[in-house]
file data_14.txt (compact mmCIF, all heavy atoms)
# COMPACT_ATOMS: atom_id res chain seq x y z
N MET A 1 3.79 -7.35 20.74
CA MET A 1 4.14 -7.12 19.35
C MET A 1 2.97 -6.42 18.66
O MET A 1 1.84 -6.88 18.74
CB MET A 1 4.45 -8.45 18.66
CG MET A 1 4.73 -8.29 17.19
SD MET A 1 5.11 -9.83 16.34
CE MET A 1 6.73 -10.13 16.99
N LYS A 2 3.26 -5.34 17.97
CA LYS A 2 2.22 -4.60 17.24
C LYS A 2 2.33 -4.92 15.75
O LYS A 2 3.37 -4.72 15.13
CB LYS A 2 2.36 -3.10 17.46
CG LYS A 2 1.21 -2.32 16.80
CD LYS A 2 1.29 -0.86 17.10
CE LYS A 2 0.52 -0.64 18.38
NZ LYS A 2 0.25 0.78 18.61
N ILE A 3 1.20 -5.40 15.19
CA ILE A 3 1.13 -5.77 13.78
C ILE A 3 0.16 -4.84 13.07
O ILE A 3 -0.96 -4.64 13.54
CB ILE A 3 0.67 -7.23 13.61
CG1 ILE A 3 1.65 -8.17 14.32
CG2 ILE A 3 0.53 -7.59 12.14
CD1 ILE A 3 1.17 -9.60 14.42
N ILE A 4 0.58 -4.27 11.95
CA ILE A 4 -0.29 -3.47 11.10
C ILE A 4 -0.57 -4.31 9.86
O ILE A 4 0.35 -4.75 9.18
CB ILE A 4 0.38 -2.14 10.69
CG1 ILE A 4 0.82 -1.33 11.91
CG2 ILE A 4 -0.54 -1.35 9.76
CD1 ILE A 4 -0.28 -0.67 12.67
N HIS A 5 -1.85 -4.54 9.57
CA HIS A 5 -2.24 -5.35 8.41
C HIS A 5 -2.87 -4.45 7.35
O HIS A 5 -3.71 -3.61 7.66
CB HIS A 5 -3.24 -6.43 8.82
CG HIS A 5 -3.77 -7.19 7.64
ND1 HIS A 5 -3.03 -8.14 6.98
CD2 HIS A 5 -4.95 -7.10 6.99
CE1 HIS A 5 -3.73 -8.61 5.98
NE2 HIS A 5 -4.91 -8.00 5.96
N THR A 6 -2.45 -4.63 6.11
CA THR A 6 -2.98 -3.87 4.99
C THR A 6 -3.32 -4.82 3.85
O THR A 6 -2.97 -6.00 3.88
CB THR A 6 -1.95 -2.84 4.49
OG1 THR A 6 -0.83 -3.55 3.98
CG2 THR A 6 -1.52 -1.90 5.59
N SER A 7 -3.98 -4.29 2.83
CA SER A 7 -4.26 -5.12 1.65
C SER A 7 -4.54 -4.25 0.44
O SER A 7 -4.84 -3.06 0.56
CB SER A 7 -5.46 -6.03 1.91
OG SER A 7 -6.63 -5.28 2.09
N ASP A 8 -4.43 -4.87 -0.72
CA ASP A 8 -4.83 -4.29 -2.00
C ASP A 8 -4.27 -2.90 -2.27
O ASP A 8 -5.01 -1.94 -2.47
CB ASP A 8 -6.36 -4.26 -2.12
CG ASP A 8 -6.95 -5.65 -2.16
OD1 ASP A 8 -6.25 -6.57 -2.60
OD2 ASP A 8 -8.10 -5.81 -1.75
N TRP A 9 -2.97 -2.78 -2.31
CA TRP A 9 -2.35 -1.49 -2.57
C TRP A 9 -2.46 -1.09 -4.04
O TRP A 9 -2.49 0.08 -4.36
CB TRP A 9 -0.87 -1.52 -2.20
CG TRP A 9 -0.59 -1.72 -0.75
CD1 TRP A 9 -1.48 -1.78 0.29
CD2 TRP A 9 0.69 -1.89 -0.17
NE1 TRP A 9 -0.83 -1.98 1.46
CE2 TRP A 9 0.51 -2.06 1.21
CE3 TRP A 9 1.97 -1.93 -0.69
CZ2 TRP A 9 1.58 -2.26 2.08
CZ3 TRP A 9 3.03 -2.14 0.18
CH2 TRP A 9 2.83 -2.28 1.56
N HIS A 10 -2.46 -2.05 -4.94
CA HIS A 10 -2.56 -1.80 -6.38
C HIS A 10 -1.43 -0.89 -6.89
O HIS A 10 -1.66 -0.05 -7.77
CB HIS A 10 -3.92 -1.23 -6.77
CG HIS A 10 -5.06 -2.12 -6.41
ND1 HIS A 10 -5.34 -3.27 -7.11
CD2 HIS A 10 -5.97 -2.05 -5.40
CE1 HIS A 10 -6.39 -3.87 -6.56
NE2 HIS A 10 -6.77 -3.15 -5.53
N LEU A 11 -0.25 -1.03 -6.33
CA LEU A 11 0.87 -0.21 -6.77
C LEU A 11 1.22 -0.53 -8.22
O LEU A 11 1.22 -1.68 -8.64
CB LEU A 11 2.10 -0.46 -5.88
CG LEU A 11 1.94 -0.08 -4.42
CD1 LEU A 11 3.22 -0.42 -3.66
CD2 LEU A 11 1.60 1.38 -4.27
N GLY A 12 1.49 0.50 -8.97
CA GLY A 12 1.86 0.34 -10.37
C GLY A 12 0.67 0.25 -11.31
O GLY A 12 0.85 0.26 -12.52
N HIS A 13 -0.53 0.16 -10.78
CA HIS A 13 -1.71 0.10 -11.63
C HIS A 13 -2.10 1.48 -12.12
O HIS A 13 -1.87 2.48 -11.45
CB HIS A 13 -2.89 -0.50 -10.86
CG HIS A 13 -2.78 -1.97 -10.66
ND1 HIS A 13 -3.86 -2.77 -10.47
CD2 HIS A 13 -1.72 -2.80 -10.63
CE1 HIS A 13 -3.48 -4.02 -10.32
NE2 HIS A 13 -2.18 -4.06 -10.40
N GLN A 14 -2.72 1.52 -13.28
CA GLN A 14 -3.27 2.76 -13.82
C GLN A 14 -4.79 2.69 -13.74
O GLN A 14 -5.37 1.62 -13.63
CB GLN A 14 -2.84 2.95 -15.27
CG GLN A 14 -1.37 3.17 -15.43
CD GLN A 14 -1.01 3.47 -16.88
OE1 GLN A 14 -1.82 3.37 -17.78
NE2 GLN A 14 0.24 3.85 -17.09
N LEU A 15 -5.42 3.84 -13.80
CA LEU A 15 -6.88 3.92 -13.80
C LEU A 15 -7.30 4.59 -15.09
O LEU A 15 -7.07 5.78 -15.28
CB LEU A 15 -7.38 4.71 -12.59
CG LEU A 15 -8.88 4.86 -12.45
CD1 LEU A 15 -9.55 3.50 -12.32
CD2 LEU A 15 -9.22 5.72 -11.25
N HIS A 16 -7.86 3.80 -16.00
CA HIS A 16 -8.28 4.31 -17.32
C HIS A 16 -7.13 5.06 -18.00
O HIS A 16 -7.33 6.14 -18.56
CB HIS A 16 -9.51 5.20 -17.20
CG HIS A 16 -10.68 4.52 -16.58
ND1 HIS A 16 -11.39 3.52 -17.21
CD2 HIS A 16 -11.25 4.67 -15.36
CE1 HIS A 16 -12.35 3.10 -16.42
NE2 HIS A 16 -12.29 3.77 -15.28
N GLY A 17 -5.92 4.49 -17.91
CA GLY A 17 -4.76 5.08 -18.56
C GLY A 17 -4.10 6.22 -17.78
O GLY A 17 -3.09 6.75 -18.21
N TYR A 18 -4.67 6.59 -16.65
CA TYR A 18 -4.14 7.67 -15.82
C TYR A 18 -3.02 7.14 -14.93
O TYR A 18 -3.22 6.18 -14.18
CB TYR A 18 -5.27 8.26 -14.98
CG TYR A 18 -4.82 9.32 -14.00
CD1 TYR A 18 -4.42 10.58 -14.42
CD2 TYR A 18 -4.82 9.05 -12.64
CE1 TYR A 18 -4.01 11.55 -13.51
CE2 TYR A 18 -4.41 10.01 -11.72
CZ TYR A 18 -4.01 11.24 -12.16
OH TYR A 18 -3.61 12.19 -11.26
N ASN A 19 -1.85 7.74 -15.01
CA ASN A 19 -0.72 7.36 -14.18
C ASN A 19 -0.98 7.75 -12.74
O ASN A 19 -1.25 8.91 -12.44
CB ASN A 19 0.55 8.04 -14.71
CG ASN A 19 1.79 7.60 -13.98
OD1 ASN A 19 1.76 7.29 -12.80
ND2 ASN A 19 2.90 7.57 -14.69
N ARG A 20 -0.87 6.79 -11.82
CA ARG A 20 -1.18 7.04 -10.42
C ARG A 20 0.06 7.02 -9.53
O ARG A 20 -0.04 6.86 -8.31
CB ARG A 20 -2.18 5.99 -9.94
CG ARG A 20 -3.47 6.02 -10.77
CD ARG A 20 -4.45 5.00 -10.33
NE ARG A 20 -4.88 5.30 -8.97
CZ ARG A 20 -5.37 4.36 -8.14
NH1 ARG A 20 -5.50 3.14 -8.52
NH2 ARG A 20 -5.73 4.70 -6.92
N ASP A 21 1.24 7.23 -10.11
CA ASP A 21 2.48 7.19 -9.33
C ASP A 21 2.46 8.17 -8.16
O ASP A 21 2.93 7.85 -7.06
CB ASP A 21 3.70 7.47 -10.20
CG ASP A 21 4.01 6.33 -11.17
OD1 ASP A 21 3.47 5.22 -10.98
OD2 ASP A 21 4.80 6.56 -12.10
N TYR A 22 1.93 9.37 -8.38
CA TYR A 22 1.87 10.36 -7.31
C TYR A 22 1.02 9.86 -6.15
O TYR A 22 1.41 9.99 -4.98
CB TYR A 22 1.32 11.68 -7.84
CG TYR A 22 1.14 12.71 -6.74
CD1 TYR A 22 2.22 13.43 -6.27
CD2 TYR A 22 -0.11 12.92 -6.16
CE1 TYR A 22 2.08 14.36 -5.24
CE2 TYR A 22 -0.26 13.85 -5.13
CZ TYR A 22 0.83 14.56 -4.68
OH TYR A 22 0.68 15.47 -3.67
N GLU A 23 -0.13 9.27 -6.45
CA GLU A 23 -1.01 8.73 -5.40
C GLU A 23 -0.32 7.59 -4.66
O GLU A 23 -0.41 7.51 -3.42
CB GLU A 23 -2.30 8.19 -6.01
CG GLU A 23 -3.18 9.24 -6.63
CD GLU A 23 -4.33 8.58 -7.37
OE1 GLU A 23 -5.02 7.74 -6.76
OE2 GLU A 23 -4.53 8.92 -8.54
N HIS A 24 0.33 6.72 -5.40
CA HIS A 24 1.01 5.59 -4.77
C HIS A 24 2.13 6.06 -3.85
O HIS A 24 2.28 5.56 -2.73
CB HIS A 24 1.56 4.64 -5.84
CG HIS A 24 0.49 4.04 -6.68
ND1 HIS A 24 0.71 3.63 -7.97
CD2 HIS A 24 -0.82 3.78 -6.43
CE1 HIS A 24 -0.41 3.14 -8.48
NE2 HIS A 24 -1.36 3.22 -7.56
N GLN A 25 2.90 7.05 -4.29
CA GLN A 25 3.97 7.58 -3.45
C GLN A 25 3.41 8.24 -2.21
O GLN A 25 3.95 8.10 -1.11
CB GLN A 25 4.87 8.54 -4.22
CG GLN A 25 6.10 8.96 -3.44
CD GLN A 25 6.97 7.76 -3.08
OE1 GLN A 25 7.41 7.03 -3.95
NE2 GLN A 25 7.23 7.57 -1.79
N ALA A 26 2.32 8.98 -2.36
CA ALA A 26 1.69 9.63 -1.20
C ALA A 26 1.21 8.58 -0.20
O ALA A 26 1.37 8.75 1.01
CB ALA A 26 0.52 10.50 -1.66
N PHE A 27 0.65 7.48 -0.68
CA PHE A 27 0.21 6.41 0.21
C PHE A 27 1.39 5.79 0.95
O PHE A 27 1.34 5.58 2.16
CB PHE A 27 -0.55 5.32 -0.56
CG PHE A 27 -0.70 4.06 0.24
CD1 PHE A 27 -1.59 4.02 1.31
CD2 PHE A 27 0.05 2.94 -0.04
CE1 PHE A 27 -1.73 2.87 2.08
CE2 PHE A 27 -0.07 1.79 0.71
CZ PHE A 27 -0.97 1.75 1.77
N LEU A 28 2.48 5.50 0.21
CA LEU A 28 3.64 4.88 0.84
C LEU A 28 4.28 5.81 1.86
O LEU A 28 4.73 5.35 2.93
CB LEU A 28 4.65 4.45 -0.22
CG LEU A 28 4.19 3.29 -1.11
CD1 LEU A 28 5.19 3.08 -2.24
CD2 LEU A 28 4.00 2.03 -0.30
N ASP A 29 4.31 7.10 1.57
CA ASP A 29 4.83 8.08 2.55
C ASP A 29 3.97 8.08 3.80
O ASP A 29 4.49 8.09 4.93
CB ASP A 29 4.87 9.48 1.94
CG ASP A 29 5.91 9.61 0.85
OD1 ASP A 29 6.83 8.75 0.75
OD2 ASP A 29 5.81 10.59 0.07
N TRP A 30 2.64 8.09 3.61
CA TRP A 30 1.71 8.05 4.75
C TRP A 30 1.92 6.77 5.55
O TRP A 30 1.97 6.80 6.79
CB TRP A 30 0.26 8.14 4.27
CG TRP A 30 -0.70 7.87 5.37
CD1 TRP A 30 -1.16 8.76 6.30
CD2 TRP A 30 -1.28 6.61 5.72
NE1 TRP A 30 -2.00 8.12 7.19
CE2 TRP A 30 -2.08 6.80 6.85
CE3 TRP A 30 -1.18 5.33 5.16
CZ2 TRP A 30 -2.80 5.76 7.44
CZ3 TRP A 30 -1.89 4.30 5.76
CH2 TRP A 30 -2.69 4.53 6.88
N LEU A 31 2.03 5.63 4.86
CA LEU A 31 2.19 4.35 5.53
C LEU A 31 3.48 4.32 6.36
O LEU A 31 3.48 3.87 7.51
CB LEU A 31 2.18 3.21 4.51
CG LEU A 31 2.35 1.80 5.07
CD1 LEU A 31 1.22 1.46 6.05
CD2 LEU A 31 2.40 0.79 3.93
N ALA A 32 4.57 4.80 5.80
CA ALA A 32 5.84 4.84 6.53
C ALA A 32 5.72 5.70 7.79
O ALA A 32 6.18 5.30 8.87
CB ALA A 32 6.96 5.36 5.63
N ASP A 33 5.07 6.85 7.66
CA ASP A 33 4.87 7.72 8.82
C ASP A 33 3.99 7.03 9.87
O ASP A 33 4.26 7.12 11.07
CB ASP A 33 4.22 9.04 8.40
CG ASP A 33 5.15 9.92 7.61
OD1 ASP A 33 6.39 9.68 7.63
OD2 ASP A 33 4.65 10.85 6.94
N GLU A 34 2.95 6.36 9.41
CA GLU A 34 2.02 5.68 10.33
C GLU A 34 2.71 4.52 11.05
O GLU A 34 2.50 4.32 12.25
CB GLU A 34 0.80 5.18 9.56
CG GLU A 34 -0.35 4.79 10.42
CD GLU A 34 -0.94 5.93 11.24
OE1 GLU A 34 -0.80 7.11 10.85
OE2 GLU A 34 -1.56 5.63 12.28
N LEU A 35 3.51 3.77 10.35
CA LEU A 35 4.24 2.66 10.97
C LEU A 35 5.17 3.17 12.07
O LEU A 35 5.26 2.56 13.15
CB LEU A 35 5.04 1.88 9.93
CG LEU A 35 4.22 1.08 8.92
CD1 LEU A 35 5.11 0.57 7.81
CD2 LEU A 35 3.49 -0.06 9.61
N GLU A 36 5.81 4.28 11.81
CA GLU A 36 6.69 4.87 12.82
C GLU A 36 5.88 5.42 13.99
O GLU A 36 6.22 5.18 15.16
CB GLU A 36 7.54 5.98 12.21
CG GLU A 36 8.56 6.54 13.16
CD GLU A 36 9.48 7.55 12.49
OE1 GLU A 36 9.59 7.56 11.26
OE2 GLU A 36 10.09 8.32 13.25
N ALA A 37 4.80 6.13 13.71
CA ALA A 37 3.98 6.71 14.77
C ALA A 37 3.35 5.63 15.65
O ALA A 37 3.25 5.80 16.87
CB ALA A 37 2.89 7.59 14.16
N GLN A 38 2.94 4.54 15.03
CA GLN A 38 2.31 3.45 15.78
C GLN A 38 3.33 2.50 16.40
O GLN A 38 2.97 1.58 17.12
CB GLN A 38 1.38 2.64 14.85
CG GLN A 38 0.20 3.42 14.33
CD GLN A 38 -0.76 3.78 15.43
OE1 GLN A 38 -0.93 3.05 16.42
NE2 GLN A 38 -1.42 4.92 15.27
N GLN A 39 4.62 2.71 16.09
CA GLN A 39 5.71 1.86 16.57
C GLN A 39 5.42 0.39 16.25
O GLN A 39 5.55 -0.50 17.10
CB GLN A 39 5.94 2.06 18.07
CG GLN A 39 6.35 3.48 18.40
CD GLN A 39 6.57 3.69 19.89
OE1 GLN A 39 6.08 2.95 20.72
NE2 GLN A 39 7.33 4.72 20.20
N ALA A 40 5.05 0.15 15.00
CA ALA A 40 4.72 -1.20 14.56
C ALA A 40 5.97 -2.07 14.48
O ALA A 40 7.04 -1.62 14.10
CB ALA A 40 4.06 -1.15 13.19
N ASP A 41 5.79 -3.33 14.86
CA ASP A 41 6.88 -4.31 14.77
C ASP A 41 6.83 -5.06 13.44
O ASP A 41 7.86 -5.51 12.94
CB ASP A 41 6.77 -5.32 15.91
CG ASP A 41 6.92 -4.67 17.26
OD1 ASP A 41 7.97 -4.04 17.50
OD2 ASP A 41 5.99 -4.77 18.08
N VAL A 42 5.61 -5.21 12.89
CA VAL A 42 5.43 -6.00 11.68
C VAL A 42 4.42 -5.30 10.77
O VAL A 42 3.40 -4.79 11.24
CB VAL A 42 4.90 -7.42 12.01
CG1 VAL A 42 4.59 -8.21 10.76
CG2 VAL A 42 5.87 -8.16 12.90
N LEU A 43 4.70 -5.32 9.47
CA LEU A 43 3.74 -4.88 8.47
C LEU A 43 3.32 -6.12 7.69
O LEU A 43 4.14 -6.79 7.07
CB LEU A 43 4.35 -3.85 7.51
CG LEU A 43 3.49 -3.50 6.29
CD1 LEU A 43 2.18 -2.86 6.71
CD2 LEU A 43 4.27 -2.59 5.35
N SER A 44 2.04 -6.43 7.73
CA SER A 44 1.48 -7.57 7.01
C SER A 44 0.68 -7.04 5.83
O SER A 44 -0.08 -6.09 5.96
CB SER A 44 0.59 -8.37 7.95
OG SER A 44 -0.14 -9.34 7.24
N HIS A 45 0.84 -7.67 4.67
CA HIS A 45 0.12 -7.23 3.48
C HIS A 45 -0.50 -8.45 2.82
O HIS A 45 0.17 -9.43 2.53
CB HIS A 45 1.08 -6.55 2.51
CG HIS A 45 0.42 -6.09 1.24
ND1 HIS A 45 -0.22 -6.94 0.39
CD2 HIS A 45 0.31 -4.87 0.69
CE1 HIS A 45 -0.70 -6.26 -0.63
NE2 HIS A 45 -0.39 -4.99 -0.47
N TYR A 46 -1.80 -8.36 2.56
CA TYR A 46 -2.51 -9.42 1.85
C TYR A 46 -2.59 -9.03 0.38
O TYR A 46 -3.12 -7.97 0.04
CB TYR A 46 -3.91 -9.62 2.41
CG TYR A 46 -4.73 -10.60 1.62
CD1 TYR A 46 -4.45 -11.96 1.70
CD2 TYR A 46 -5.75 -10.17 0.78
CE1 TYR A 46 -5.19 -12.87 0.95
CE2 TYR A 46 -6.49 -11.08 0.04
CZ TYR A 46 -6.20 -12.43 0.13
OH TYR A 46 -6.93 -13.32 -0.61
N LEU A 47 -2.06 -9.88 -0.49
CA LEU A 47 -2.09 -9.63 -1.93
C LEU A 47 -3.14 -10.55 -2.52
O LEU A 47 -2.99 -11.76 -2.55
CB LEU A 47 -0.72 -9.93 -2.53
CG LEU A 47 -0.54 -9.68 -4.02
CD1 LEU A 47 -0.78 -8.20 -4.33
CD2 LEU A 47 0.84 -10.10 -4.45
N SER A 48 -4.25 -9.97 -2.96
CA SER A 48 -5.38 -10.77 -3.43
C SER A 48 -5.35 -11.07 -4.91
O SER A 48 -6.14 -11.86 -5.39
CB SER A 48 -6.69 -10.06 -3.09
OG SER A 48 -6.77 -8.83 -3.75
N HIS A 49 -4.45 -10.47 -5.66
CA HIS A 49 -4.40 -10.69 -7.10
C HIS A 49 -3.12 -11.42 -7.48
O HIS A 49 -2.08 -11.21 -6.88
CB HIS A 49 -4.42 -9.34 -7.85
CG HIS A 49 -5.60 -8.50 -7.49
ND1 HIS A 49 -6.85 -8.77 -7.92
CD2 HIS A 49 -5.71 -7.40 -6.71
CE1 HIS A 49 -7.70 -7.87 -7.44
NE2 HIS A 49 -7.01 -7.03 -6.70
N GLN A 50 -3.23 -12.27 -8.48
CA GLN A 50 -2.05 -12.96 -8.97
C GLN A 50 -1.38 -12.08 -10.02
O GLN A 50 -2.03 -11.57 -10.92
CB GLN A 50 -2.41 -14.29 -9.58
CG GLN A 50 -2.88 -15.31 -8.58
CD GLN A 50 -3.15 -16.66 -9.25
OE1 GLN A 50 -3.06 -16.80 -10.45
NE2 GLN A 50 -3.47 -17.64 -8.43
N TRP A 51 -0.08 -11.91 -9.90
CA TRP A 51 0.68 -11.11 -10.86
C TRP A 51 1.21 -12.04 -11.92
O TRP A 51 1.66 -13.13 -11.65
CB TRP A 51 1.83 -10.39 -10.15
CG TRP A 51 1.33 -9.43 -9.16
CD1 TRP A 51 1.16 -9.64 -7.83
CD2 TRP A 51 0.86 -8.11 -9.41
NE1 TRP A 51 0.63 -8.54 -7.24
CE2 TRP A 51 0.43 -7.58 -8.18
CE3 TRP A 51 0.77 -7.33 -10.55
CZ2 TRP A 51 -0.08 -6.30 -8.07
CZ3 TRP A 51 0.26 -6.06 -10.43
CH2 TRP A 51 -0.15 -5.56 -9.20
N ARG A 52 1.16 -11.60 -13.14
CA ARG A 52 1.64 -12.44 -14.26
C ARG A 52 2.80 -11.78 -14.92
O ARG A 52 2.96 -10.65 -15.00
CB ARG A 52 0.53 -12.64 -15.26
CG ARG A 52 -0.60 -13.40 -14.62
CD ARG A 52 -1.74 -13.55 -15.56
NE ARG A 52 -2.81 -14.10 -14.71
CZ ARG A 52 -4.00 -14.30 -15.13
NH1 ARG A 52 -4.34 -14.00 -16.34
NH2 ARG A 52 -4.90 -14.81 -14.34

call {"tool": "encode", "arguments": {"input": "data_14.txt", "output": "structure tokens"}}
result
Amino acid sequence: MKIIHTSDWHLGHQLHGYNRDYEHQAFLDWLADELEAQQADVLSHYLSHQWR
């Protein structure tokens, strides 16, 4: 079984008011391609921040 572990994506966050949707989409596109290329069975994500 191949597991890919990631963390701290910060999706939806802004940087000093700058909208980062384009960066987030580019990351997710890259991640999807990488998961397919690596033939991953599981994607694990560590979320270090509490959402309110």

call {"tool": "residues_around", "arguments": {"input": "data_14.txt", "residues": "stretch 30-32 of chain A", "least_positions_apart": "4", "cutoff": "6 Å", "atoms": "all atoms listed in the file", "output": "list in words"}}
result
Ile4, Thr6, Trp9, Gln25, Ala26, Glu36, Ala37 and Leu43 of chain A

call {"tool": "residues_near_point", "arguments": {"input": "data_14.txt", "point": "(7.0, -5.5, 16.3)", "cutoff": "4.5 Å", "atoms": "all atoms listed in the file", "output": "list of chain:residue names"}}
result
A:Met1, A:Lys2, A:Ala40, A:Asp41, A:Val42

call {"tool": "atom_distance", "arguments": {"input": "data_14.txt", "atom1": "atom CA of A:Glu34", "atom2": "atom CA of A:Tyr18"}}
result
26.9 Å

call {"tool": "axis_aligned_box", "arguments": {"input": "data_14.txt", "around": "stretch 39-44 of chain A", "padding_each_side": "8 Å", "output": "JSON"}}
result
{"center_x": 3.9, "center_y": -2.3, "center_z": 13.0, "size_x": 24.1, "size_y": 30.1, "size_z": 31.4}

call {"tool": "residues_around", "arguments": {"input": "data_14.txt", "residues": "A:Tyr46", "least_positions_apart": "2", "cutoff": "4.5 Å", "atoms": "all atoms listed in the file", "output": "tab-separated table (two decimals) with all heavy atoms, keeping the file's coordinate frame"}}
result
chain	number	residue	atom	x	y	z
A	5	HIS	N	-1.85	-4.54	9.57
A	5	HIS	CA	-2.24	-5.35	8.41
A	5	HIS	C	-2.87	-4.45	7.35
A	5	HIS	O	-3.71	-3.61	7.66
A	5	HIS	CB	-3.24	-6.43	8.82
A	5	HIS	CG	-3.77	-7.19	7.64
A	5	HIS	ND1	-3.03	-8.14	6.98
A	5	HIS	CD2	-4.95	-7.10	6.99
A	5	HIS	CE1	-3.73	-8.61	5.98
A	5	HIS	NE2	-4.91	-8.00	5.96
A	6	THR	N	-2.45	-4.63	6.11
A	6	THR	CA	-2.98	-3.87	4.99
A	6	THR	C	-3.32	-4.82	3.85
A	6	THR	O	-2.97	-6.00	3.88
A	6	THR	CB	-1.95	-2.84	4.49
A	6	THR	OG1	-0.83	-3.55	3.98
A	6	THR	CG2	-1.52	-1.90	5.59
A	7	SER	N	-3.98	-4.29	2.83
A	7	SER	CA	-4.26	-5.12	1.65
A	7	SER	C	-4.54	-4.25	0.44
A	7	SER	O	-4.84	-3.06	0.56
A	7	SER	CB	-5.46	-6.03	1.91
A	7	SER	OG	-6.63	-5.28	2.09
A	8	ASP	N	-4.43	-4.87	-0.72
A	8	ASP	CA	-4.83	-4.29	-2.00
A	8	ASP	C	-4.27	-2.90	-2.27
A	8	ASP	O	-5.01	-1.94	-2.47
A	8	ASP	CB	-6.36	-4.26	-2.12
A	8	ASP	CG	-6.95	-5.65	-2.16
A	8	ASP	OD1	-6.25	-6.57	-2.60
A	8	ASP	OD2	-8.10	-5.81	-1.75
A	44	SER	N	2.04	-6.43	7.73
A	44	SER	CA	1.48	-7.57	7.01
A	44	SER	C	0.68	-7.04	5.83
A	44	SER	O	-0.08	-6.09	5.96
A	44	SER	CB	0.59	-8.37	7.95
A	44	SER	OG	-0.14	-9.34	7.24
A	48	SER	N	-4.25	-9.97	-2.96
A	48	SER	CA	-5.38	-10.77	-3.43
A	48	SER	C	-5.35	-11.07	-4.91
A	48	SER	O	-6.14	-11.86	-5.39
A	48	SER	CB	-6.69	-10.06	-3.09
A	48	SER	OG	-6.77	-8.83	-3.75

call {"tool": "atom_distance", "arguments": {"input": "data_14.txt", "atom1": "atom CG of A:Leu47", "atom2": "atom CD2 of A:Leu28"}}
result
13.1 Å

call {"tool": "atom_distance", "arguments": {"input": "data_14.txt", "atom1": "atom ND1 of A:His24", "atom2": "atom O of A:Gly12"}}
result
5.7 Å
